[in-house]
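Shown below: upload_37.txt, with compact mmCIF, C-alpha atoms and all ligand atoms.
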# COMPACT_ATOMS: atom_id res chain seq x y z
CA MET V 1 7.24 -24.06 -20.91
CA LYS V 2 10.77 -24.64 -19.75
CA ILE V 3 11.05 -22.56 -16.61
CA ASP V 4 14.27 -20.69 -16.00
CA SER V 5 14.38 -21.29 -12.26
CA ASP V 6 17.31 -18.99 -11.68
CA ALA V 7 15.56 -16.09 -13.36
CA VAL V 8 12.40 -16.66 -11.29
CA VAL V 9 14.35 -16.86 -8.04
CA GLU V 10 16.34 -13.73 -8.88
CA LYS V 11 13.16 -11.82 -9.62
CA ILE V 12 11.66 -12.90 -6.31
CA GLN V 13 14.78 -11.70 -4.52
CA ARG V 14 14.65 -8.32 -6.23
CA PHE V 15 10.93 -7.74 -5.64
CA THR V 16 10.57 -5.48 -2.60
CA ILE V 17 7.50 -4.62 -0.55
CA GLU V 18 7.05 -1.64 1.76
CA THR V 19 5.38 -2.18 5.12
CA PRO V 20 3.36 0.55 6.90
CA SER V 21 4.28 1.91 10.34
CA TRP V 22 0.60 1.84 11.32
CA GLY V 23 0.40 -1.93 10.77
CA TYR V 24 2.64 -2.49 13.82
CA GLY V 25 0.62 -0.47 16.33
CA ASP V 26 -2.74 -1.05 17.94
CA THR V 27 -5.64 -0.32 15.60
CA GLY V 28 -9.31 -1.22 15.71
CA THR V 29 -12.76 -0.59 14.43
CA ARG V 30 -15.15 2.11 15.57
CA PHE V 31 -16.35 -0.43 18.17
CA LYS V 32 -13.14 -1.24 19.99
CA VAL V 33 -9.37 -1.10 19.83
CA PHE V 34 -7.98 -4.31 21.36
CA HIS V 35 -4.52 -3.91 22.79
CA TRP V 36 -1.99 -6.45 21.52
CA PRO V 37 0.71 -7.28 24.10
CA GLY V 38 3.95 -5.77 22.90
CA ALA V 39 2.38 -3.76 20.07
CA ALA V 40 4.61 -0.90 18.93
CA ARG V 41 3.78 2.48 20.45
CA THR V 42 6.37 4.78 18.93
CA LEU V 43 7.94 5.20 15.50
CA ARG V 44 11.14 3.64 16.85
CA GLU V 45 9.28 0.57 18.04
CA LYS V 46 7.45 0.33 14.70
CA LEU V 47 10.76 0.51 12.86
CA ALA V 48 12.28 -2.12 15.15
CA ASP V 49 9.34 -4.43 14.37
CA ALA V 50 9.58 -3.70 10.65
CA ALA V 51 13.26 -4.67 10.84
CA GLN V 52 12.15 -8.11 12.07
CA VAL V 53 9.92 -8.51 9.03
CA HIS V 54 12.83 -7.53 6.81
CA ALA V 55 15.15 -9.88 8.71
CA VAL V 56 13.05 -12.97 7.93
CA THR V 57 11.76 -12.01 4.45
CA GLY V 58 14.76 -10.10 3.09
CA VAL V 59 12.47 -8.01 0.87
CA CYS V 60 11.03 -5.26 3.11
CA PRO V 61 13.71 -2.61 3.42
CA SER V 62 11.41 0.42 3.63
CA VAL V 63 8.64 1.61 5.95
CA ALA V 64 5.84 4.04 5.10
CA ILE V 65 5.04 6.69 7.70
CA HIS V 66 1.85 8.60 8.50
CA ILE V 67 2.09 12.21 9.68
CA PRO V 68 1.26 13.26 12.42
CA TRP V 69 0.90 9.69 13.80
CA ASP V 70 4.64 9.26 13.39
CA MET V 71 5.65 12.88 14.00
CA GLU V 72 9.19 13.39 15.29
CA ASP V 73 11.37 16.43 15.99
CA ASP V 74 14.61 15.20 14.54
CA TRP V 75 14.25 13.44 11.19
CA GLN V 76 17.99 13.03 10.76
CA GLU V 77 17.98 10.91 13.90
CA VAL V 78 15.04 8.86 12.59
CA LYS V 79 16.84 8.35 9.31
CA ALA V 80 20.00 7.23 11.10
CA TYR V 81 18.05 4.92 13.40
CA ALA V 82 16.29 3.32 10.42
CA GLN V 83 19.64 2.92 8.70
CA SER V 84 21.09 1.23 11.79
CA LEU V 85 18.30 -1.34 11.44
CA GLY V 86 18.98 -1.83 7.75
CA LEU V 87 15.86 0.14 6.82
CA ARG V 88 14.88 3.38 5.18
CA ILE V 89 11.78 5.54 5.38
CA GLY V 90 9.48 5.08 2.40
CA ALA V 91 6.28 6.88 1.43
CA VAL V 92 5.18 9.80 3.59
CA ASN V 93 1.39 9.81 4.10
CA PRO V 94 -0.13 13.16 5.05
CA ASN V 95 -3.15 12.96 7.35
CA LEU V 96 -5.92 15.31 6.26
CA PHE V 97 -8.78 13.72 8.14
CA GLN V 98 -8.30 13.96 11.88
CA GLU V 99 -8.56 17.64 12.72
CA ASP V 100 -11.77 19.43 13.66
CA ALA V 101 -11.16 21.89 10.84
CA TYR V 102 -11.62 19.05 8.32
CA ARG V 103 -15.26 18.29 9.17
CA LEU V 104 -16.35 19.34 5.67
CA GLY V 105 -13.16 18.37 3.90
CA SER V 106 -9.56 19.48 3.52
CA LEU V 107 -8.20 20.24 0.04
CA SER V 108 -11.76 20.65 -1.36
CA HIS V 109 -13.18 22.56 1.62
CA ILE V 110 -15.35 25.58 0.84
CA ASP V 111 -13.24 27.76 3.14
CA THR V 112 -9.90 28.89 1.69
CA GLN V 113 -8.30 28.92 5.12
CA VAL V 114 -9.03 25.23 5.66
CA ARG V 115 -7.73 24.43 2.19
CA GLN V 116 -4.57 26.37 2.93
CA ARG V 117 -4.13 24.49 6.19
CA GLY V 118 -4.38 21.19 4.32
CA ILE V 119 -1.93 22.36 1.66
CA ALA V 120 0.50 23.52 4.36
CA HIS V 121 0.36 20.08 5.96
CA VAL V 122 1.20 18.34 2.69
CA LEU V 123 4.06 20.80 2.12
CA GLU V 124 5.34 19.93 5.59
CA CYS V 125 5.22 16.25 4.56
CA ILE V 126 7.22 17.05 1.42
CA GLN V 127 9.89 18.57 3.66
CA ILE V 128 9.88 15.50 5.89
CA ALA V 129 10.21 13.29 2.83
CA GLN V 130 13.21 15.32 1.68
CA ALA V 131 14.79 15.10 5.13
CA VAL V 132 14.55 11.30 5.19
CA ASP V 133 15.42 10.86 1.49
CA SER V 134 12.00 9.55 0.56
CA ASP V 135 10.68 10.18 -2.94
CA ILE V 136 6.98 9.45 -2.45
CA ILE V 137 4.09 11.46 -1.04
CA SER V 138 1.07 9.20 -0.80
CA LEU V 139 -2.10 11.24 -0.62
CA TRP V 140 -5.46 9.93 0.50
CA LEU V 141 -8.32 12.35 1.17
CA ALA V 142 -11.40 11.81 3.31
CA ASP V 143 -13.04 14.71 1.44
CA GLY V 144 -16.59 14.39 0.25
CA THR V 145 -20.18 15.16 1.21
CA ASN V 146 -22.78 13.25 3.20
CA TYR V 147 -25.95 14.75 1.73
CA PRO V 148 -27.12 15.78 -1.73
CA GLY V 149 -26.92 19.54 -2.07
CA GLN V 150 -24.49 19.90 0.82
CA ASP V 151 -21.88 21.45 -1.48
CA SER V 152 -21.38 22.03 -5.18
CA LEU V 153 -19.81 18.89 -6.63
CA ARG V 154 -18.30 20.89 -9.48
CA GLN V 155 -16.89 23.55 -7.15
CA ARG V 156 -15.34 20.88 -4.96
CA ARG V 157 -13.59 19.52 -8.01
CA VAL V 158 -12.23 22.92 -8.99
CA ARG V 159 -11.00 23.59 -5.44
CA LEU V 160 -9.37 20.17 -5.21
CA LEU V 161 -7.50 20.63 -8.48
CA GLU V 162 -6.29 24.09 -7.40
CA SER V 163 -5.05 22.73 -4.08
CA LEU V 164 -3.31 19.83 -5.79
CA GLN V 165 -1.69 22.24 -8.25
CA GLU V 166 -0.23 24.22 -5.35
CA ILE V 167 1.11 21.00 -3.83
CA TYR V 168 2.46 19.76 -7.15
CA ALA V 169 4.36 23.01 -7.68
CA ALA V 170 6.22 22.37 -4.43
CA LEU V 171 7.35 18.85 -5.36
CA PRO V 172 11.10 18.63 -5.76
CA ALA V 173 12.44 16.89 -8.87
CA GLY V 174 12.34 13.13 -8.51
CA MET V 175 9.57 13.12 -5.92
CA ARG V 176 6.24 11.56 -6.89
CA LEU V 177 2.77 12.46 -5.70
CA LEU V 178 0.62 9.32 -5.57
CA ILE V 179 -3.11 10.08 -5.62
CA GLU V 180 -5.20 7.43 -3.87
CA TYR V 181 -8.93 7.04 -4.47
CA LYS V 182 -11.74 5.38 -2.55
CA PHE V 183 -15.40 5.25 -3.43
CA PHE V 184 -16.89 5.96 -0.01
CA GLU V 185 -16.14 6.47 3.65
CA PRO V 186 -15.97 8.56 5.74
CA ALA V 187 -18.13 10.58 3.34
CA PHE V 188 -21.23 8.69 2.28
CA TYR V 189 -22.96 10.63 -0.50
CA SER V 190 -19.99 11.73 -2.57
CA THR V 191 -16.25 11.31 -2.29
CA ASP V 192 -14.05 13.83 -4.10
CA LEU V 193 -11.61 11.19 -5.41
CA PRO V 194 -13.95 8.20 -5.75
CA ASP V 195 -12.29 6.18 -8.48
CA TRP V 196 -9.19 5.57 -10.56
CA GLY V 197 -10.54 7.66 -13.43
CA THR V 198 -10.82 10.76 -11.24
CA SER V 199 -7.34 10.22 -9.79
CA LEU V 200 -5.89 9.65 -13.25
CA HIS V 201 -7.56 12.78 -14.54
CA MET V 202 -6.10 14.85 -11.69
CA ALA V 203 -2.66 13.28 -12.21
CA GLN V 204 -2.76 14.06 -15.94
CA LYS V 205 -3.76 17.67 -15.25
CA LEU V 206 -0.94 18.03 -12.72
CA GLY V 207 1.99 16.59 -14.64
CA PRO V 208 4.35 13.62 -14.92
CA GLN V 209 5.27 13.48 -11.24
CA ALA V 210 1.68 12.71 -10.27
CA GLU V 211 0.47 9.13 -10.47
CA VAL V 212 -2.40 6.99 -9.24
CA LEU V 213 -2.29 4.77 -6.16
CA VAL V 214 -4.49 1.68 -6.20
CA ASP V 215 -5.61 0.53 -2.74
CA THR V 216 -7.05 -2.93 -3.35
CA GLY V 217 -9.76 -2.38 -0.70
CA HIS V 218 -11.15 0.82 -2.18
CA HIS V 219 -13.55 -0.38 -4.87
CA PRO V 220 -17.21 -1.34 -5.03
CA GLN V 221 -17.81 -5.09 -4.91
CA GLY V 222 -17.01 -6.86 -8.15
CA THR V 223 -14.82 -4.14 -9.64
CA ASN V 224 -12.20 -5.58 -11.97
CA ILE V 225 -8.99 -4.31 -10.35
CA PRO V 226 -6.63 -6.12 -12.78
CA GLN V 227 -8.28 -4.16 -15.61
CA ILE V 228 -7.75 -0.89 -13.74
CA VAL V 229 -4.12 -1.88 -13.34
CA ALA V 230 -3.86 -2.62 -17.08
CA GLN V 231 -5.35 0.75 -18.01
CA LEU V 232 -3.10 2.69 -15.65
CA LEU V 233 -0.04 0.84 -16.93
CA ASP V 234 -1.06 1.69 -20.46
CA GLU V 235 -1.35 5.37 -19.50
CA GLY V 236 1.99 5.17 -17.67
CA ARG V 237 0.42 6.39 -14.43
CA LEU V 238 0.38 3.43 -12.08
CA GLY V 239 2.29 4.87 -9.13
CA GLY V 240 1.81 2.16 -6.58
CA PHE V 241 -0.37 -0.10 -4.53
CA HIS V 242 -1.78 -0.24 -1.06
CA PHE V 243 -2.28 -3.96 -0.65
CA ASN V 244 -4.89 -5.42 1.67
CA ASP V 245 -7.87 -7.72 1.30
CA ARG V 246 -11.55 -7.27 1.93
CA LYS V 247 -14.79 -9.14 2.17
CA TYR V 248 -17.28 -6.28 2.37
CA ALA V 249 -15.85 -2.77 2.50
CA ASP V 250 -12.43 -1.25 3.29
CA ASP V 251 -11.70 -4.14 5.67
CA ASP V 252 -7.88 -3.84 5.59
CA LEU V 253 -7.41 -7.58 6.11
CA ILE V 254 -4.29 -9.51 5.17
CA VAL V 255 -3.69 -9.23 1.41
CA GLY V 256 -4.34 -12.47 -0.44
CA SER V 257 -6.24 -14.01 2.48
CA LEU V 258 -9.61 -13.81 0.71
CA ASN V 259 -9.00 -13.11 -2.97
CA PRO V 260 -5.67 -14.72 -3.86
CA PHE V 261 -6.70 -15.25 -7.48
CA GLU V 262 -7.46 -11.56 -7.94
CA LEU V 263 -4.03 -10.72 -6.55
CA PHE V 264 -2.46 -13.16 -9.00
CA CYS V 265 -4.38 -11.53 -11.88
CA ILE V 266 -3.10 -8.10 -10.79
CA PHE V 267 0.48 -9.37 -10.95
CA HIS V 268 -0.22 -11.11 -14.21
CA GLU V 269 -1.10 -7.73 -15.76
CA ILE V 270 2.09 -6.17 -14.41
CA VAL V 271 4.39 -8.99 -15.52
CA ASP V 272 2.64 -9.06 -18.88
CA ALA V 273 3.12 -5.31 -19.42
CA SER V 274 6.72 -5.58 -18.31
CA SER V 275 7.39 -8.43 -20.74
CA GLU V 276 6.15 -6.15 -23.53
CA GLY V 277 8.53 -3.37 -22.53
CA ASN V 278 6.12 -1.20 -20.52
CA THR V 279 8.40 1.08 -18.50
CA ASN V 280 5.78 1.99 -15.91
CA ALA V 281 5.84 -1.63 -14.70
CA GLY V 282 9.38 -1.14 -13.43
CA ARG V 283 8.67 1.78 -11.10
CA ILE V 284 5.63 0.70 -9.14
CA ALA V 285 5.71 1.17 -5.35
CA TYR V 286 4.37 -2.00 -3.74
CA MET V 287 3.09 -1.05 -0.32
CA ILE V 288 0.94 -2.77 2.28
CA ASP V 289 -1.87 -0.78 3.95
CA GLN V 290 -3.52 -2.93 6.59
CA SER V 291 -4.97 -2.73 10.09
CA HIS V 292 -4.20 -5.73 12.24
CA ASN V 293 -6.98 -5.48 14.77
CA ILE V 294 -7.15 -8.95 16.31
CA GLU V 295 -4.09 -10.71 14.95
CA PRO V 296 -0.42 -10.63 15.98
CA LYS V 297 0.96 -7.68 14.07
CA ILE V 298 4.46 -8.69 13.04
CA GLU V 299 3.33 -12.18 12.07
CA ALA V 300 0.47 -10.62 10.08
CA MET V 301 2.98 -8.54 8.17
CA ILE V 302 5.15 -11.57 7.41
CA GLN V 303 2.03 -13.41 6.22
CA SER V 304 1.13 -10.49 3.96
CA VAL V 305 4.57 -10.37 2.39
CA TYR V 306 4.42 -14.14 1.91
CA ASN V 307 1.02 -13.94 0.20
CA ILE V 308 2.19 -11.17 -2.13
CA GLN V 309 5.32 -13.13 -3.06
CA ILE V 310 3.21 -16.21 -3.83
CA ALA V 311 0.97 -14.22 -6.19
CA TYR V 312 3.94 -12.54 -7.86
CA ALA V 313 5.87 -15.79 -8.31
CA LYS V 314 2.84 -17.47 -9.88
CA ALA V 315 2.49 -14.56 -12.31
CA LEU V 316 6.14 -15.02 -13.29
CA LEU V 317 5.32 -18.60 -14.30
CA VAL V 318 2.65 -17.70 -16.86
CA ASP V 319 3.82 -19.05 -20.22
CA ARG V 320 3.50 -15.84 -22.22
CA THR V 321 4.57 -17.30 -25.56
CA ARG V 322 1.86 -19.92 -25.39
CA LEU V 323 -0.59 -17.35 -24.09
CA ARG V 324 -0.04 -15.13 -27.12
CA GLN V 325 -0.40 -18.17 -29.35
CA ALA V 326 -3.65 -19.23 -27.69
CA ARG V 327 -5.01 -15.71 -28.11
CA GLU V 328 -4.11 -15.71 -31.79
CA GLU V 329 -5.80 -19.05 -32.21
CA GLN V 330 -8.79 -17.43 -30.48
CA SER V 331 -8.80 -20.22 -27.94
CA VAL V 332 -10.80 -18.77 -25.07
CA LEU V 333 -10.28 -21.66 -22.69
CA GLY V 334 -6.82 -22.51 -23.96
CA ALA V 335 -5.69 -19.03 -22.89
CA TYR V 336 -7.50 -19.28 -19.58
CA ARG V 337 -5.87 -22.64 -18.83
CA ILE V 338 -2.41 -21.15 -19.27
CA LEU V 339 -3.18 -18.76 -16.45
CA GLN V 340 -4.74 -21.54 -14.43
CA GLU V 341 -1.68 -23.72 -14.90
CA ALA V 342 0.57 -21.03 -13.46
CA TYR V 343 -1.85 -20.29 -10.64
CA GLU V 344 -2.02 -23.92 -9.63
CA THR V 345 1.74 -24.35 -9.49
CA ASP V 346 3.23 -24.73 -6.03
CA VAL V 347 5.72 -21.85 -5.97
CA ARG V 348 6.82 -22.33 -2.38
CA PRO V 349 10.09 -24.06 -3.36
CA TRP V 350 11.13 -20.99 -5.38
CA LEU V 351 10.35 -18.70 -2.47
CA SER V 352 12.36 -20.88 -0.10
CA GLU V 353 15.23 -20.94 -2.56
CA ALA V 354 15.16 -17.14 -2.83
CA ARG V 355 15.32 -16.80 0.96
CA GLN V 356 18.15 -19.28 1.20
CA ARG V 357 20.15 -17.41 -1.43
CA MET V 358 19.75 -14.30 0.71
CA GLY V 359 21.18 -16.24 3.64
CA LEU V 360 17.81 -16.54 5.36
CA ASP V 361 15.78 -19.35 6.86
CA PRO V 362 13.58 -20.82 4.10
CA ASP V 363 10.57 -20.57 6.46
CA PRO V 364 9.98 -16.96 7.58
CA PHE V 365 7.28 -17.90 10.10
CA ALA V 366 9.47 -20.46 11.86
CA ALA V 367 12.39 -18.03 11.77
CA PHE V 368 10.34 -15.32 13.46
CA ALA V 369 8.83 -17.71 16.02
CA SER V 370 12.23 -19.06 17.04
CA SER V 371 13.80 -15.59 17.27
CA GLY V 372 12.05 -15.00 20.61
CA TYR V 373 11.41 -11.37 19.51
CA ALA V 374 7.65 -11.45 20.16
CA GLU V 375 8.15 -12.70 23.72
CA ARG V 376 10.88 -10.13 24.33
CA ILE V 377 8.86 -7.10 23.25
CA THR V 378 5.83 -8.37 25.17
CA GLN V 379 7.99 -8.31 28.32
CA GLU V 380 9.88 -5.10 27.61
CA ARG V 381 7.06 -2.98 26.32
CA THR V 382 4.66 -4.05 29.06
CA ALA V 383 7.31 -3.30 31.67
CA VAL V 384 7.82 0.20 30.35
CA ALA V 385 4.08 0.77 30.13
CA SER V 386 3.43 -0.18 33.76
CA ALA V 387 6.49 1.72 34.94
CA SER V 388 5.05 4.85 33.39
CA GLY V 389 1.79 4.27 35.25
CA TYR V 390 -0.25 3.64 32.13
CA PRO V 391 -0.54 -0.12 31.84
CA GLY V 392 -1.80 -1.18 28.48
CA ALA V 393 -1.44 2.29 27.03
C1 LIG V 401 -7.65 5.13 4.20
C2 LIG V 401 -6.63 4.92 3.11
C3 LIG V 401 -5.30 5.51 3.43
C4 LIG V 401 -4.88 5.23 4.84
C5 LIG V 401 -5.98 5.59 5.79
C6 LIG V 401 -5.61 5.32 7.22
O1 LIG V 401 -8.76 4.32 4.00
O2 LIG V 401 -6.49 3.56 2.79
O3 LIG V 401 -4.33 5.02 2.55
O4 LIG V 401 -3.76 6.03 5.10
O5 LIG V 401 -7.13 4.85 5.47
MN MN V 402 -4.73 3.04 1.53
MN MN V 403 -8.25 2.28 3.14
Hey, can you dump this file as structure tokens for me?
Ligand code: RM4
Ligand code: MN
Ligand code: MN
Amino acid sequence: MKIDSDAVVEKIQRFTIETPSWGYGDTGTRFKVFHWPGAARTLREKLADAAQVHAVTGVCPSVAIHIPWDMEDDWQEVKAYAQSLGLRIGAVNPNLFQEDAYRLGSLSHIDTQVRQRGIAHVLECIQIAQAVDSDIISLWLADGTNYPGQDSLRQRRVRLLESLQEIYAALPAGMRLLIEYKFFEPAFYSTDLPDWGTSLHMAQKLGPQAEVLVDTGHHPQGTNIPQIVAQLLDEGRLGGFHFNDRKYADDDLIVGSLNPFELFCIFHEIVDASSEGNTNAGRIAYMIDQSHNIEPKIEAMIQSVYNIQIAYAKALLVDRTRLRQAREEQSVLGAYRILQEAYETDVRPWLSEARQRMGLDPDPFAAFASSGYAERITQERTAVASASGYPGA
């Protein structure tokens, strides 16, 4: 195939990725949270760090927030501060899993009062989203049961749908509700939104502003995520992604670090749908959802963006005319080799070219290292921490 380099580079430049506020702060496992020197402690610090990622990649202009982790009094000020950094606030993620009231669930809880509390929190998040000009509410629920018989699975479903309907009715025009699923954890017997089919079903019952969010770490081993992506695209309900990678469970490791071929196949489905005129493919929210427990956080985010861009660029190189031909000729391996050819192409020159056209250093890692930012925040943030009497807090 004759590659139109300019078109590939332009597409790379236009392809934006949202980073999560929680990826810049200290996180850990249930065993230990290791403090990273200079890790962001406040929303402002997280935004400042996110601005560094945007500065060297040129493609990360928005930051997802988690409420109440990122709770603030004055959202106009937050919005203005983000703008001063060249950023905007992206998806607002309600937190329905860290209050005592939610021991047996939130939106599916047996007690109406708890359900109402959960609904009220999501409505509060809708208001925050409006205040910061965000158009996405990204909903993940920890709801489920730990033991057979603990609750009626059918009743939980009915309650969940009713709660979601109340939330959906409060969505302003233009705002989307993305419904995330996960097959286990923290509930271990049943999870109320365990898979894409359940999320899709809820979204279809709610209406066109509800869509499905695919978190790449939320499936049983071996699940074919590219096929899920294809089905959601076909239904016009693929709202967005939470990118991360995993070896065993919901590991939240750097996307593309373990399964780069799977990531490529995901993008292949999207580019393929788009080339056939699928309109859903043009309005997908590409977001990262990771926990950087032992690695440097800003560098981890740059690495993640880099890995996503590599997968996307390779998908752009798939020769779709020849692929269609090979399929028609029923050439099983001929078709496979067209994908392989694209996957094996070194796309780094295109990525460097895209960065250079945006006026950036072709190497985002070197650019960040030489900026001195990591050293500066290590100094500044440690100084403030010890001054307040809480070193390492
Ligand atoms: C969940 C899910 C959500 C994220 C929380 C912290 O497993 O991935 O998207 O907000 O973790
Ligand atoms: Mn997620
Ligand atoms: Mn997760």
All residues 9 Å or closer to segment 86-102 of chain V, all atoms listed in the file, same chain fewer than 6 positions away omitted, as a PDB file with C-alpha atoms, in the coordinates of the input:
ATOM      1  CA  GLU V  18       7.050  -1.640   1.760  1.00  0.00           C
ATOM      2  CA  THR V  19       5.380  -2.180   5.120  1.00  0.00           C
ATOM      3  CA  PRO V  20       3.360   0.550   6.900  1.00  0.00           C
ATOM      4  CA  LEU V  47      10.760   0.510  12.860  1.00  0.00           C
ATOM      5  CA  ALA V  50       9.580  -3.700  10.650  1.00  0.00           C
ATOM      6  CA  ALA V  51      13.260  -4.670  10.840  1.00  0.00           C
ATOM      7  CA  HIS V  54      12.830  -7.530   6.810  1.00  0.00           C
ATOM      8  CA  ALA V  55      15.150  -9.880   8.710  1.00  0.00           C
ATOM      9  CA  CYS V  60      11.030  -5.260   3.110  1.00  0.00           C
ATOM     10  CA  PRO V  61      13.710  -2.610   3.420  1.00  0.00           C
ATOM     11  CA  SER V  62      11.410   0.420   3.630  1.00  0.00           C
ATOM     12  CA  VAL V  63       8.640   1.610   5.950  1.00  0.00           C
ATOM     13  CA  ALA V  64       5.840   4.040   5.100  1.00  0.00           C
ATOM     14  CA  ILE V  65       5.040   6.690   7.700  1.00  0.00           C
ATOM     15  CA  HIS V  66       1.850   8.600   8.500  1.00  0.00           C
ATOM     16  CA  ILE V  67       2.090  12.210   9.680  1.00  0.00           C
ATOM     17  CA  PRO V  68       1.260  13.260  12.420  1.00  0.00           C
ATOM     18  CA  TRP V  69       0.900   9.690  13.800  1.00  0.00           C
ATOM     19  CA  VAL V  78      15.040   8.860  12.590  1.00  0.00           C
ATOM     20  CA  LYS V  79      16.840   8.350   9.310  1.00  0.00           C
ATOM     21  CA  ALA V  80      20.000   7.230  11.100  1.00  0.00           C
ATOM     22  CA  HIS V 109     -13.180  22.560   1.620  1.00  0.00           C
ATOM     23  CA  VAL V 114      -9.030  25.230   5.660  1.00  0.00           C
ATOM     24  CA  ARG V 117      -4.130  24.490   6.190  1.00  0.00           C
ATOM     25  CA  GLY V 118      -4.380  21.190   4.320  1.00  0.00           C
ATOM     26  CA  HIS V 121       0.360  20.080   5.960  1.00  0.00           C
ATOM     27  CA  VAL V 122       1.200  18.340   2.690  1.00  0.00           C
ATOM     28  CA  GLU V 124       5.340  19.930   5.590  1.00  0.00           C
ATOM     29  CA  CYS V 125       5.220  16.250   4.560  1.00  0.00           C
ATOM     30  CA  ILE V 126       7.220  17.050   1.420  1.00  0.00           C
ATOM     31  CA  ILE V 128       9.880  15.500   5.890  1.00  0.00           C
ATOM     32  CA  ALA V 129      10.210  13.290   2.830  1.00  0.00           C
ATOM     33  CA  VAL V 132      14.550  11.300   5.190  1.00  0.00           C
ATOM     34  CA  ASP V 133      15.420  10.860   1.490  1.00  0.00           C
ATOM     35  CA  SER V 134      12.000   9.550   0.560  1.00  0.00           C
ATOM     36  CA  ASP V 135      10.680  10.180  -2.940  1.00  0.00           C
ATOM     37  CA  ILE V 136       6.980   9.450  -2.450  1.00  0.00           C
ATOM     38  CA  ILE V 137       4.090  11.460  -1.040  1.00  0.00           C
ATOM     39  CA  SER V 138       1.070   9.200  -0.800  1.00  0.00           C
ATOM     40  CA  LEU V 139      -2.100  11.240  -0.620  1.00  0.00           C
ATOM     41  CA  TRP V 140      -5.460   9.930   0.500  1.00  0.00           C
ATOM     42  CA  LEU V 141      -8.320  12.350   1.170  1.00  0.00           C
ATOM     43  CA  ALA V 142     -11.400  11.810   3.310  1.00  0.00           C
ATOM     44  CA  ASP V 143     -13.040  14.710   1.440  1.00  0.00           C
ATOM     45  CA  ALA V 285       5.710   1.170  -5.350  1.00  0.00           C
ATOM     46  CA  MET V 287       3.090  -1.050  -0.320  1.00  0.00           C
TER      47      MET V 287
END
* Asked: So how many Å separate atom CA of Leu323 of chain V and atom CA of Ala335 of chain V, to one decimal?
  -> 5.5 Å
* Protein and nucleic acid residues near (-4.3, 16.3, -11.5) (cut-off 9 Å, all atoms listed in the file) as an MDAnalysis selection string -> chainID V and resid 160:161 164:165 168 179 198:207 210:211
Using C-alpha atoms, can you export the residues from the last selection as a PDB file, in the frame of the given file?
ATOM      1  CA  LEU V 160      -9.370  20.170  -5.210  1.00  0.00           C
ATOM      2  CA  LEU V 161      -7.500  20.630  -8.480  1.00  0.00           C
ATOM      3  CA  LEU V 164      -3.310  19.830  -5.790  1.00  0.00           C
ATOM      4  CA  GLN V 165      -1.690  22.240  -8.250  1.00  0.00           C
ATOM      5  CA  TYR V 168       2.460  19.760  -7.150  1.00  0.00           C
ATOM      6  CA  ILE V 179      -3.110  10.080  -5.620  1.00  0.00           C
ATOM      7  CA  THR V 198     -10.820  10.760 -11.240  1.00  0.00           C
ATOM      8  CA  SER V 199      -7.340  10.220  -9.790  1.00  0.00           C
ATOM      9  CA  LEU V 200      -5.890   9.650 -13.250  1.00  0.00           C
ATOM     10  CA  HIS V 201      -7.560  12.780 -14.540  1.00  0.00           C
ATOM     11  CA  MET V 202      -6.100  14.850 -11.690  1.00  0.00           C
ATOM     12  CA  ALA V 203      -2.660  13.280 -12.210  1.00  0.00           C
ATOM     13  CA  GLN V 204      -2.760  14.060 -15.940  1.00  0.00           C
ATOM     14  CA  LYS V 205      -3.760  17.670 -15.250  1.00  0.00           C
ATOM     15  CA  LEU V 206      -0.940  18.030 -12.720  1.00  0.00           C
ATOM     16  CA  GLY V 207       1.990  16.590 -14.640  1.00  0.00           C
ATOM     17  CA  ALA V 210       1.680  12.710 -10.270  1.00  0.00           C
ATOM     18  CA  GLU V 211       0.470   9.130 -10.470  1.00  0.00           C
TER      19      GLU V 211
END
* **Answer as a PyMOL selection string, residues within 12 Å of (12.1, -17.9, -13.5) using all atoms listed in the file** => chain V and resi 1-13+271+312-319+342+347+350-351+353-354
* Atomic distance atom CA of Thr29 of chain V - atom CA of Asp192 of chain V, expressed in Å with one decimal ->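 Separating atom CA of Thr29 of chain V from atom CA of Asp192 of chain V is a distance of 23.5 Å.
Taking all atoms listed in the file into account, the residues that come within 7 Å of ligand LIG 401 (chain V) are Asn93, Trp140, Glu180, Asp215, His242, Asp250 and Asp289 of chain V.
Nearest residue to Ser304 of chain V, choosing from V:Leu253, V:Ala273, V:Val214, V:Ala383 and counting only C-alpha atoms: V:Leu253.
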* Just the residues within 10 Å of Glu185 of chain V, please, counting all atoms listed in the file, with nothing from its chain fewer than 6 positions along; format it as a ChimeraX atom specification. => /V:142-146,191,194,218,249-250
* Asked: Which of these, V:Asn259, V:Thr42, V:Gln330, V:Asn244, has the shortest distance to ligand MN 402 (chain V) once you count all atoms listed in the file?
  ->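 Selected residue with least distance to ligand MN 402 (chain V): V:Asn244.
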* To do: Compare V:Ala169, V:Val212, V:Leu123, V:Ala131 by their minimum atom-to-atom distance to ligand MN 402 (chain V), counting only C-alpha atoms and all ligand atoms, and give me the closest one.
  => V:Val212
* Asked: Do you have the atom CA of Val53 of chain V-atom CA of Tyr81 of chain V distance handy?
  ->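 Between atom CA of Val53 of chain V and atom CA of Tyr81 of chain V the gap works out to 16.3 Å.
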* Given only C-alpha atoms as the counted atoms, nearest of V:Ile110, V:Ile225, V:Ala311, V:Val332 to Gln150 of chain V ->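 Of the candidates, the smallest distance to Gln150 of chain V is held by V:Ile110.
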* V:Gly372, V:Pro148, V:Gly217, V:Gly174 ranked by distance to Gln290 of chain V, top pick (using only C-alpha atoms) ->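 Using only C-alpha atoms, Gln290 of chain V sits closest to V:Gly217.
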* From the list V:Arg322, V:Arg30, V:His219, V:Arg176, which residue is nearest ligand MN 402 (chain V) when using only C-alpha atoms and all ligand atoms? ->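 Comparing V:Arg322, V:Arg30, V:His219, V:Arg176 against ligand MN 402 (chain V), the winner is V:His219.
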